[in-house]
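Colleague: Just one file: start.csv, with CSV, C-alpha atoms.
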chain,number,residue,atom,x,y,z
B,1,MET,CA,-34.1,-213.3,241.8
B,2,SER,CA,-31.6,-213.5,244.6
B,3,ALA,CA,-29.1,-211.4,242.6
B,4,ALA,CA,-31.7,-208.7,242.1
B,5,LYS,CA,-32.5,-208.6,245.8
B,6,ASN,CA,-28.8,-208.3,246.8
B,7,ARG,CA,-28.2,-205.4,244.2
B,8,PRO,CA,-28.0,-202.0,246.1
B,9,ALA,CA,-30.8,-199.6,245.3
B,10,LYS,CA,-30.0,-196.5,243.3
B,11,PRO,CA,-30.3,-193.2,245.1
B,12,ALA,CA,-33.4,-191.2,244.3
B,13,THR,CA,-32.9,-188.4,241.9
B,14,ALA,CA,-34.7,-185.1,241.4
B,15,ARG,CA,-34.0,-185.2,237.7
B,16,ALA,CA,-32.8,-187.9,235.4
B,17,GLY,CA,-29.0,-188.3,235.6
B,18,ARG,CA,-28.6,-186.0,238.7
B,19,PRO,CA,-28.2,-187.1,242.3
B,20,ALA,CA,-30.7,-185.9,244.8
B,21,SER,CA,-28.0,-184.4,246.9
B,22,ALA,CA,-26.8,-182.1,244.1
B,23,LYS,CA,-28.0,-178.5,244.2
B,24,PRO,CA,-30.9,-177.9,241.9
B,25,ARG,CA,-30.1,-175.6,238.9
B,26,ARG,CA,-31.6,-172.2,239.4
B,27,ASP,CA,-34.3,-171.4,236.9
B,28,ARG,CA,-33.8,-168.3,234.8
B,29,ALA,CA,-36.9,-166.7,236.3
B,30,ASP,CA,-35.5,-167.0,239.8
B,31,PRO,CA,-34.1,-163.9,241.4
B,32,PRO,CA,-30.3,-163.6,241.1
B,33,GLN,CA,-28.2,-164.8,244.0
B,34,ARG,CA,-26.6,-162.3,246.4
B,35,GLY,CA,-23.4,-160.8,245.1
B,36,ARG,CA,-24.2,-161.4,241.4
B,37,LYS,CA,-25.8,-159.0,239.1
B,38,ARG,CA,-28.3,-160.1,236.6
B,39,PRO,CA,-27.4,-159.1,233.0
B,40,PRO,CA,-29.7,-156.5,231.6
B,41,THR,CA,-32.3,-157.6,229.2
B,42,ARG,CA,-33.4,-155.7,226.1
B,43,ASP,CA,-36.2,-154.0,227.9
B,44,SER,CA,-34.3,-153.1,231.0
B,45,ARG,CA,-31.3,-151.5,229.3
B,46,PRO,CA,-31.2,-147.7,229.9
B,47,ALA,CA,-31.8,-145.4,226.9
B,48,ALA,CA,-28.8,-144.4,225.0
B,49,THR,CA,-27.4,-141.0,226.1
B,50,ALA,CA,-25.1,-140.5,223.2
B,51,GLU,CA,-25.9,-137.6,220.9
B,52,ALA,CA,-27.6,-138.5,217.7
B,53,VAL,CA,-25.7,-137.9,214.5
B,54,ASP,CA,-26.6,-138.1,210.8
B,55,GLU,CA,-25.8,-141.2,208.8
B,56,ILE,CA,-24.5,-139.6,205.7
B,57,VAL,CA,-24.4,-141.5,202.4
B,58,VAL,CA,-22.4,-139.9,199.5
B,59,GLY,CA,-22.5,-141.4,196.1
B,60,TYR,CA,-22.0,-140.1,192.5
B,61,VAL,CA,-20.7,-136.5,192.2
B,62,PRO,CA,-21.0,-135.1,188.6
B,63,SER,CA,-18.2,-133.2,187.0
B,64,LEU,CA,-20.4,-130.0,186.9
B,65,ALA,CA,-20.6,-130.1,190.7
B,66,ARG,CA,-16.9,-130.3,190.9
B,67,ALA,CA,-16.6,-127.4,188.4
B,68,ALA,CA,-18.9,-125.3,190.7
B,69,GLY,CA,-16.4,-126.1,193.5
B,70,ILE,CA,-13.5,-124.8,191.5
B,71,LEU,CA,-15.4,-121.6,190.7
B,72,GLY,CA,-16.1,-121.2,194.5
B,73,VAL,CA,-12.4,-121.3,195.3
B,74,VAL,CA,-11.8,-118.6,192.7
B,75,CYS,CA,-14.6,-116.5,194.1
B,76,ALA,CA,-13.1,-116.8,197.6
B,77,VAL,CA,-10.0,-115.1,196.4
B,78,GLY,CA,-12.0,-112.4,194.7
B,79,LEU,CA,-14.0,-111.7,197.9
B,80,LEU,CA,-10.8,-111.1,199.8
B,81,VAL,CA,-8.9,-109.1,197.1
B,82,ARG,CA,-11.7,-106.8,196.0
B,83,PRO,CA,-11.8,-104.6,199.1
B,84,LEU,CA,-8.0,-104.1,198.9
B,85,LEU,CA,-8.2,-102.5,195.5
B,86,PRO,CA,-9.5,-98.9,194.7
B,87,LEU,CA,-13.0,-98.8,193.4
B,88,ALA,CA,-12.5,-95.7,191.3
B,89,THR,CA,-10.2,-92.7,190.6
B,90,ALA,CA,-11.4,-89.1,190.6
B,91,GLY,CA,-9.4,-85.9,190.5
B,92,GLY,CA,-6.1,-87.8,190.9
B,93,HIS,CA,-7.4,-89.5,194.0
B,94,ARG,CA,-7.9,-93.2,194.5
B,95,LEU,CA,-11.3,-93.8,196.0
B,96,GLY,CA,-12.2,-96.7,198.3
B,97,THR,CA,-8.7,-97.2,199.7
B,98,GLY,CA,-8.9,-95.2,202.9
B,99,SER,CA,-9.5,-98.2,205.1
B,100,THR,CA,-8.9,-101.2,202.9
B,101,LEU,CA,-7.9,-103.6,205.6
B,102,VAL,CA,-10.9,-102.8,207.7
B,103,LEU,CA,-13.2,-103.2,204.6
B,104,ALA,CA,-11.7,-106.6,204.0
B,105,LEU,CA,-12.5,-108.0,207.4
B,106,PRO,CA,-16.3,-108.1,206.8
B,107,TRP,CA,-15.8,-110.3,203.8
B,108,LEU,CA,-13.3,-112.7,205.5
B,109,PRO,CA,-16.1,-115.1,206.8
B,110,ALA,CA,-17.6,-115.2,203.3
B,111,ALA,CA,-14.2,-115.9,201.7
B,112,LEU,CA,-13.4,-118.7,204.1
B,113,VAL,CA,-16.9,-120.4,203.9
B,114,VAL,CA,-17.1,-120.1,200.1
B,115,GLY,CA,-13.6,-121.3,199.6
B,116,PHE,CA,-14.0,-124.2,202.0
B,117,ALA,CA,-17.3,-125.2,200.3
B,118,GLY,CA,-15.6,-125.0,196.9
B,119,GLY,CA,-12.9,-127.3,198.1
B,120,LEU,CA,-15.4,-129.8,199.3
B,121,ALA,CA,-17.3,-129.8,196.1
B,122,ALA,CA,-14.2,-130.0,193.9
B,123,THR,CA,-13.0,-133.1,195.9
B,124,GLY,CA,-16.5,-134.7,196.1
B,125,ARG,CA,-16.8,-134.6,199.9
B,126,LEU,CA,-20.1,-133.7,201.4
B,127,PRO,CA,-21.1,-132.3,197.9
B,128,ARG,CA,-24.6,-131.1,198.7
B,129,LEU,CA,-23.4,-129.2,201.8
B,130,ALA,CA,-20.9,-127.4,199.5
B,131,LEU,CA,-23.4,-126.9,196.7
B,132,GLY,CA,-25.9,-125.3,199.2
B,133,VAL,CA,-23.3,-122.7,200.2
B,134,LEU,CA,-22.4,-121.9,196.6
B,135,GLY,CA,-26.0,-121.8,195.5
B,136,SER,CA,-27.1,-119.3,198.1
B,137,ALA,CA,-24.0,-117.2,197.7
B,138,GLY,CA,-24.5,-117.2,193.9
B,139,GLY,CA,-28.2,-116.3,194.2
B,140,LEU,CA,-27.4,-113.2,196.3
B,141,SER,CA,-24.7,-112.3,193.8
B,142,ILE,CA,-27.2,-111.8,191.0
B,143,GLY,CA,-28.4,-108.6,192.6
B,144,LEU,CA,-24.9,-107.5,193.5
B,145,LEU,CA,-23.7,-108.1,189.9
B,146,LEU,CA,-26.4,-105.8,188.6
B,147,ARG,CA,-25.4,-103.1,191.1
B,148,TRP,CA,-21.7,-103.3,190.2
B,149,ILE,CA,-22.5,-103.1,186.5
B,150,TRP,CA,-24.6,-100.0,187.2
B,151,LEU,CA,-21.5,-98.4,188.8
B,152,THR,CA,-19.4,-99.1,185.7
B,153,ASP,CA,-21.4,-96.6,183.7
B,154,THR,CA,-19.0,-93.9,184.7
B,155,GLY,CA,-20.5,-91.4,182.2
B,156,ALA,CA,-23.7,-91.3,184.1
B,157,ARG,CA,-22.5,-91.9,187.7
B,158,THR,CA,-20.8,-89.6,190.1
B,159,VAL,CA,-18.6,-90.1,193.2
B,160,LEU,CA,-21.7,-89.8,195.3
B,161,ASP,CA,-22.9,-93.1,194.0
B,162,LEU,CA,-19.8,-95.0,195.1
B,163,PRO,CA,-19.9,-97.0,198.4
B,164,VAL,CA,-16.7,-95.5,199.7
B,165,SER,CA,-15.6,-94.1,203.1
B,166,GLY,CA,-13.1,-91.6,204.3
B,167,GLN,CA,-13.3,-89.6,201.1
B,168,PRO,CA,-14.7,-86.1,200.5
B,169,LEU,CA,-18.1,-86.6,198.8
B,170,GLN,CA,-18.2,-84.6,195.6
B,171,GLY,CA,-20.3,-84.6,192.5
B,172,ASP,CA,-17.3,-85.3,190.2
B,173,ARG,CA,-17.2,-88.0,187.6
B,174,TYR,CA,-14.9,-90.9,188.2
B,175,GLY,CA,-13.0,-93.6,186.4
B,176,ALA,CA,-13.6,-97.3,187.2
B,177,GLY,CA,-10.8,-98.7,189.3
B,178,ALA,CA,-9.4,-102.2,189.6
B,179,GLY,CA,-11.6,-102.9,192.6
B,180,LEU,CA,-14.8,-102.2,190.7
B,181,TRP,CA,-13.9,-104.5,187.8
B,182,PHE,CA,-12.8,-107.2,190.3
B,183,ALA,CA,-16.2,-106.9,192.0
B,184,VAL,CA,-17.9,-107.4,188.7
B,185,VAL,CA,-15.8,-110.5,187.8
B,186,THR,CA,-16.2,-112.0,191.3
B,187,ALA,CA,-20.0,-111.6,191.3
B,188,ALA,CA,-20.2,-113.0,187.7
B,189,VAL,CA,-18.2,-116.1,188.7
B,190,LEU,CA,-20.5,-116.7,191.7
B,191,VAL,CA,-23.5,-116.5,189.4
B,192,ALA,CA,-21.8,-119.0,187.1
B,193,ALA,CA,-21.3,-121.3,190.1
B,194,LEU,CA,-25.0,-120.9,190.9
B,195,ILE,CA,-25.8,-122.1,187.3
B,196,ALA,CA,-23.5,-125.1,187.8
B,197,VAL,CA,-25.1,-125.9,191.1
B,198,ALA,CA,-28.6,-125.8,189.7
B,199,ALA,CA,-27.6,-128.1,186.8
B,200,SER,CA,-25.9,-130.7,188.9
B,201,TRP,CA,-28.0,-130.7,192.1
B,202,SER,CA,-30.4,-133.5,191.1
B,203,SER,CA,-27.6,-135.8,189.9
B,204,THR,CA,-25.5,-135.3,193.0
B,205,VAL,CA,-26.0,-138.3,195.4
B,206,MET,CA,-26.0,-137.4,199.1
B,207,ASP,CA,-28.6,-138.3,201.7
B,208,ASP,CA,-29.0,-139.0,205.4
B,209,ASP,CA,-31.2,-141.1,207.7
B,210,GLY,CA,-34.0,-138.5,207.6
B,211,ARG,CA,-33.9,-137.7,211.3
B,212,PHE,CA,-34.2,-134.0,210.5
B,213,ASP,CA,-37.4,-134.4,208.5
B,214,ARG,CA,-39.6,-134.1,211.7
B,215,VAL,CA,-38.4,-130.5,212.3
B,216,ARG,CA,-38.4,-129.2,208.7
B,217,PRO,CA,-42.0,-127.7,209.0
B,218,THR,CA,-41.0,-125.7,212.1
B,219,LEU,CA,-37.8,-124.5,210.6
B,220,ALA,CA,-39.6,-123.6,207.4
B,221,LEU,CA,-42.0,-121.3,209.3
B,222,TRP,CA,-39.1,-119.6,211.1
B,223,SER,CA,-37.1,-119.3,207.9
B,224,LEU,CA,-40.1,-117.6,206.2
B,225,PHE,CA,-40.3,-115.1,209.0
B,226,VAL,CA,-36.6,-114.4,209.1
B,227,GLY,CA,-36.5,-114.0,205.3
B,228,ALA,CA,-39.2,-111.4,205.4
B,229,VAL,CA,-37.4,-109.4,208.1
B,230,VAL,CA,-34.0,-109.6,206.4
B,231,ALA,CA,-35.6,-108.5,203.1
B,232,VAL,CA,-37.1,-105.4,204.8
B,233,ALA,CA,-33.7,-104.7,206.3
B,234,TYR,CA,-31.8,-104.8,203.0
B,235,GLY,CA,-34.6,-102.9,201.2
B,236,ALA,CA,-34.3,-99.9,203.4
B,237,ALA,CA,-31.9,-97.0,202.9
B,238,PRO,CA,-28.4,-98.2,204.3
B,239,SER,CA,-27.8,-94.8,205.9
B,240,ASN,CA,-28.9,-91.2,206.3
B,241,SER,CA,-27.3,-88.2,204.5
B,242,SER,CA,-28.2,-84.6,204.1
B,243,LEU,CA,-26.9,-84.8,200.5
B,244,GLY,CA,-29.6,-87.3,199.6
B,245,ILE,CA,-27.1,-90.0,198.5
B,246,ALA,CA,-28.5,-92.7,200.7
B,247,ARG,CA,-31.5,-94.2,198.9
B,248,SER,CA,-33.7,-97.2,199.6
B,249,VAL,CA,-34.3,-99.9,196.9
B,250,LEU,CA,-37.5,-98.3,195.8
B,251,GLN,CA,-35.9,-94.8,195.6
B,252,SER,CA,-33.0,-95.9,193.4
B,253,ALA,CA,-33.2,-96.1,189.6
B,254,GLY,CA,-32.0,-98.2,186.7
B,255,LEU,CA,-30.0,-101.3,187.3
B,256,ASP,CA,-29.3,-100.2,190.9
B,257,ARG,CA,-33.0,-100.6,191.6
B,258,ILE,CA,-33.4,-103.8,189.7
B,259,GLY,CA,-30.3,-105.2,191.5
B,260,GLY,CA,-31.7,-104.2,194.9
B,261,LEU,CA,-35.1,-105.9,194.1
B,262,VAL,CA,-33.3,-109.1,192.9
B,263,LEU,CA,-31.2,-109.1,196.1
B,264,VAL,CA,-34.3,-108.8,198.3
B,265,ALA,CA,-36.1,-111.6,196.4
B,266,ALA,CA,-33.0,-113.8,196.5
B,267,ILE,CA,-32.9,-113.5,200.3
B,268,VAL,CA,-36.5,-114.6,200.7
B,269,VAL,CA,-36.0,-117.5,198.2
B,270,CYS,CA,-32.9,-118.8,200.0
B,271,CYS,CA,-34.7,-118.8,203.4
B,272,VAL,CA,-37.7,-120.5,201.9
B,273,VAL,CA,-35.9,-123.1,199.9
B,274,ALA,CA,-33.3,-124.0,202.5
B,275,PRO,CA,-35.6,-126.1,204.8
B,276,THR,CA,-36.6,-128.2,201.9
B,277,ALA,CA,-33.1,-129.2,200.8
B,278,ARG,CA,-32.0,-132.7,201.5
B,279,PRO,CA,-30.0,-133.9,203.4
B,280,ARG,CA,-29.9,-131.7,206.5
B,281,LEU,CA,-26.4,-130.6,205.7
B,282,ALA,CA,-27.7,-129.1,202.5
B,283,THR,CA,-30.1,-127.0,204.5
B,284,THR,CA,-27.3,-125.9,206.8
B,285,GLY,CA,-25.1,-125.0,203.8
B,286,THR,CA,-27.8,-123.0,202.1
B,287,LEU,CA,-28.5,-120.9,205.1
B,288,LEU,CA,-24.8,-120.5,205.9
B,289,GLY,CA,-23.9,-119.3,202.4
B,290,ALA,CA,-26.6,-116.6,202.6
B,291,ALA,CA,-25.6,-115.6,206.2
B,292,VAL,CA,-21.9,-114.9,205.3
B,293,MET,CA,-22.8,-113.0,202.2
B,294,LEU,CA,-25.2,-110.8,204.1
B,295,PHE,CA,-22.6,-110.4,206.9
B,296,GLY,CA,-20.2,-109.0,204.4
B,297,LEU,CA,-22.7,-106.5,203.0
B,298,GLY,CA,-24.0,-105.4,206.3
B,299,PHE,CA,-20.7,-104.9,208.1
B,300,GLU,CA,-19.0,-103.3,205.1
B,301,ASN,CA,-21.9,-100.7,205.0
B,302,LEU,CA,-21.3,-100.1,208.7
B,303,VAL,CA,-17.6,-99.4,208.1
B,304,VAL,CA,-18.5,-97.1,205.2
B,305,VAL,CA,-21.0,-95.1,207.4
B,306,ALA,CA,-18.5,-94.9,210.3
B,307,GLY,CA,-15.7,-93.6,208.0
B,308,SER,CA,-17.7,-90.9,206.1
B,309,PRO,CA,-18.5,-87.5,207.6
B,310,ASP,CA,-21.6,-87.1,205.4
B,311,LEU,CA,-23.2,-90.4,206.2
B,312,HIS,CA,-25.0,-91.2,209.4
B,313,ALA,CA,-26.4,-94.5,210.9
B,314,SER,CA,-30.0,-95.2,210.3
B,315,PHE,CA,-32.5,-98.0,210.7
B,316,GLY,CA,-31.1,-99.7,207.6
B,317,THR,CA,-27.5,-99.5,209.0
B,318,VAL,CA,-28.5,-101.3,212.2
B,319,ALA,CA,-30.9,-103.7,210.4
B,320,GLU,CA,-28.2,-104.8,207.9
B,321,VAL,CA,-25.9,-105.7,210.9
B,322,VAL,CA,-28.6,-107.6,212.8
B,323,ALA,CA,-30.1,-109.4,209.8
B,324,PRO,CA,-27.3,-111.9,209.1
B,325,LEU,CA,-27.2,-112.8,212.8
B,326,LEU,CA,-30.8,-113.9,212.5
B,327,VAL,CA,-29.9,-116.1,209.6
B,328,LEU,CA,-27.0,-117.5,211.6
B,329,MET,CA,-29.6,-118.4,214.3
B,330,LEU,CA,-31.4,-120.6,211.7
B,331,VAL,CA,-28.0,-122.2,210.9
B,332,ALA,CA,-27.5,-123.0,214.5
B,333,ALA,CA,-31.1,-124.4,214.8
B,334,SER,CA,-30.5,-126.7,211.8
B,335,VAL,CA,-27.3,-128.0,213.5
B,336,LEU,CA,-28.8,-128.4,217.0
B,337,ALA,CA,-31.9,-130.2,215.8
B,338,ALA,CA,-29.9,-133.1,214.4
B,339,ARG,CA,-28.2,-133.6,217.8
B,340,GLU,CA,-31.5,-134.4,219.6
B,341,PRO,CA,-31.9,-138.1,220.0
B,342,GLU,CA,-34.9,-139.6,218.1
B,343,GLN,CA,-37.7,-140.6,220.4
B,344,ASP,CA,-39.2,-144.0,220.1
B,345,HIS,CA,-43.0,-144.1,219.5
Starting from the file, lay out its structure as structure tokens.
Modeller:
Amino acid sequence: MSAAKNRPAKPATARAGRPASAKPRRDRADPPQRGRKRPPTRDSRPAATAEAVDEIVVGYVPSLARAAGILGVVCAVGLLVRPLLPLATAGGHRLGTGSTLVLALPWLPAALVVGFAGGLAATGRLPRLALGVLGSAGGLSIGLLLRWIWLTDTGARTVLDLPVSGQPLQGDRYGAGAGLWFAVVTAAVLVAALIAVAASWSSTVMDDDGRFDRVRPTLALWSLFVGAVVAVAYGAAPSNSSLGIARSVLQSAGLDRIGGLVLVAAIVVCCVVAPTARPRLATTGTLLGAAVMLFGLGFENLVVVAGSPDLHASFGTVAEVVAPLLVLMLVAASVLAAREPEQDH
């Protein structure tokens, strides 16, 4: 008992194992001390300001899709070379060579886009983007192929039927030139690429995170409107002429008329189908392929009208120049829509 009384008493503690004089540990709920910043919690962190991007997944690419890409590269060369060759010969003159370099410029965007898409498909990179470009370009080429075939019937056609500029317009017969046959082959190869695209689309694996799905209905409505406007533009007469050689689709005859109707229908189909294609890059590619092909047609017609003394600009001339720009606006909309950050609900 005496030893217990002489033992010094232990100092009082606020918590077990800690002296009373020690500073109490600050609880997590206490406000932070001056000079120190409290780390942000999950709820207090600011929203991400980085632009949203698609998460692309690429899987199996069938051989038929790669074959479509090879055909696309071949077509790109044809789109550039065709305007440099004479369409026909008549009376010892080569027709369609008065402004070859100028005529080649409208088709430069189409050649670059189709060639680049062909390279992507052939190497298996972003395959559905590439197949979208080749599919729409091939769809529009069906009508062009029929029109080019119509011009090869030299026994029934005259110089007035040729889309040439800088040449005296006469009613003479003509012989098919290298440019005309090159146009037929290029359009036929693009149609073959379309068939390969249709056969390989479902087995080509490429998808994204679905961020673009929320704007597909809106884009579909605008695409339907633009498709109808563009169809009217390319169905009208491309120019005015006192000789009566500028005809609308309904005023033409034979394969020329069928080709024009198929071209107009293909424009509408491309604009309607594009918003439903997955992933988003497939939508962008489908619209881009249609835009560059229409750009080549519209601006080539503008060059022809400007270089011919017997052709004058009309509603169709201006409409064919404006129409591809409307489709390019849809392309821009499909690109910008994916850059908007997804909102949390």
Colleague: For each of B:Leu108, B:Leu71, B:Val133, B:Ala156, take the minimum atom-to-atom distance to B:Ala253, counting all atoms listed in the file, then give the residue where this is smallest.
Modeller: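 When distances to B:Ala253 are compared using all atoms listed in the file, the smallest one comes from B:Ala156.
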Colleague: Could you tell me how far atom CA of B:Val189 lies from atom CA of B:Arg125, in Å and to one decimal?
Modeller: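 Going from atom CA of B:Val189 over to atom CA of B:Arg125, I get 21.7 Å.
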Colleague: Fewer than 6 positions away in the same chain doesn't count, so skip those; otherwise give me all residues within 6 Å of stretch 202-207 of chain B, counting all atoms listed in the file, as a list of chain:residue names.
Modeller: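 So the residues in contact are B:Ile56, B:Val57, B:Val58, B:Gly59, B:Tyr60, B:Val61, B:Pro279.
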Colleague: As an exercise, work out the distance from atom CA of B:Ser252 to atom CA of B:Ile142 in Å and give it to one decimal place.
Modeller: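 Atom CA of B:Ser252 sits 17.1 Å away from atom CA of B:Ile142.
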Colleague: Here is a test: counting all atoms listed in the file, which residue of B:Gly259, B:Gly296, B:Gly316, B:Gly307 is nearest to B:Arg247?
Modeller: B:Gly316
Colleague: Tell me, as a ChimeraX atom specification, which residues lie within 10 Å of B:Arg157, counting only C-alpha atoms; anything in the same chain fewer than 5 positions away does not count.
Modeller: /B:150-152,162,171-175
Colleague: Which residue gives the smallest distance to B:Val269 among B:Leu302, B:Val226, B:Ala110, B:Leu297, with all atoms listed in the file counted?
Modeller: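 Among the listed residues, B:Val226 lies closest to B:Val269.
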Colleague: Between atom CA of B:Ala236 and atom CA of B:Gly260, what is the spacing in Å?
Modeller: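 Rounded to one decimal, the two atoms are 9.9 Å apart.
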Colleague: Could the residues of stretch 198-290 of chain B that have an atom at most 10 Å from stretch 67-70 of chain B be listed as JSON lines, each with its closest atom pair and the distance in Å to one decimal, counting all atoms listed in the file and ordered by chain and ascending residue number?
Modeller:
{"residue": "B:Ala198", "atom": "CA", "partner": "B:Ala68", "partner_atom": "CA", "distance": 9.8}
{"residue": "B:Ala199", "atom": "CA", "partner": "B:Ala68", "partner_atom": "CA", "distance": 9.9}
{"residue": "B:Ser200", "atom": "CA", "partner": "B:Ala68", "partner_atom": "CA", "distance": 9.0}
Colleague: Would you mind telling me which residue in B:Thr286, B:Val272, B:Asn240, B:Asp153 lies nearest to B:His312 when using all atoms listed in the file?
Modeller: B:Asn240
Colleague: So, counting only C-alpha atoms, which residue among B:Val292, B:Ala220, B:Val303, B:Ala266 is closest to B:Leu330?
Modeller: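 Selected residue with least distance to B:Leu330: B:Ala220.
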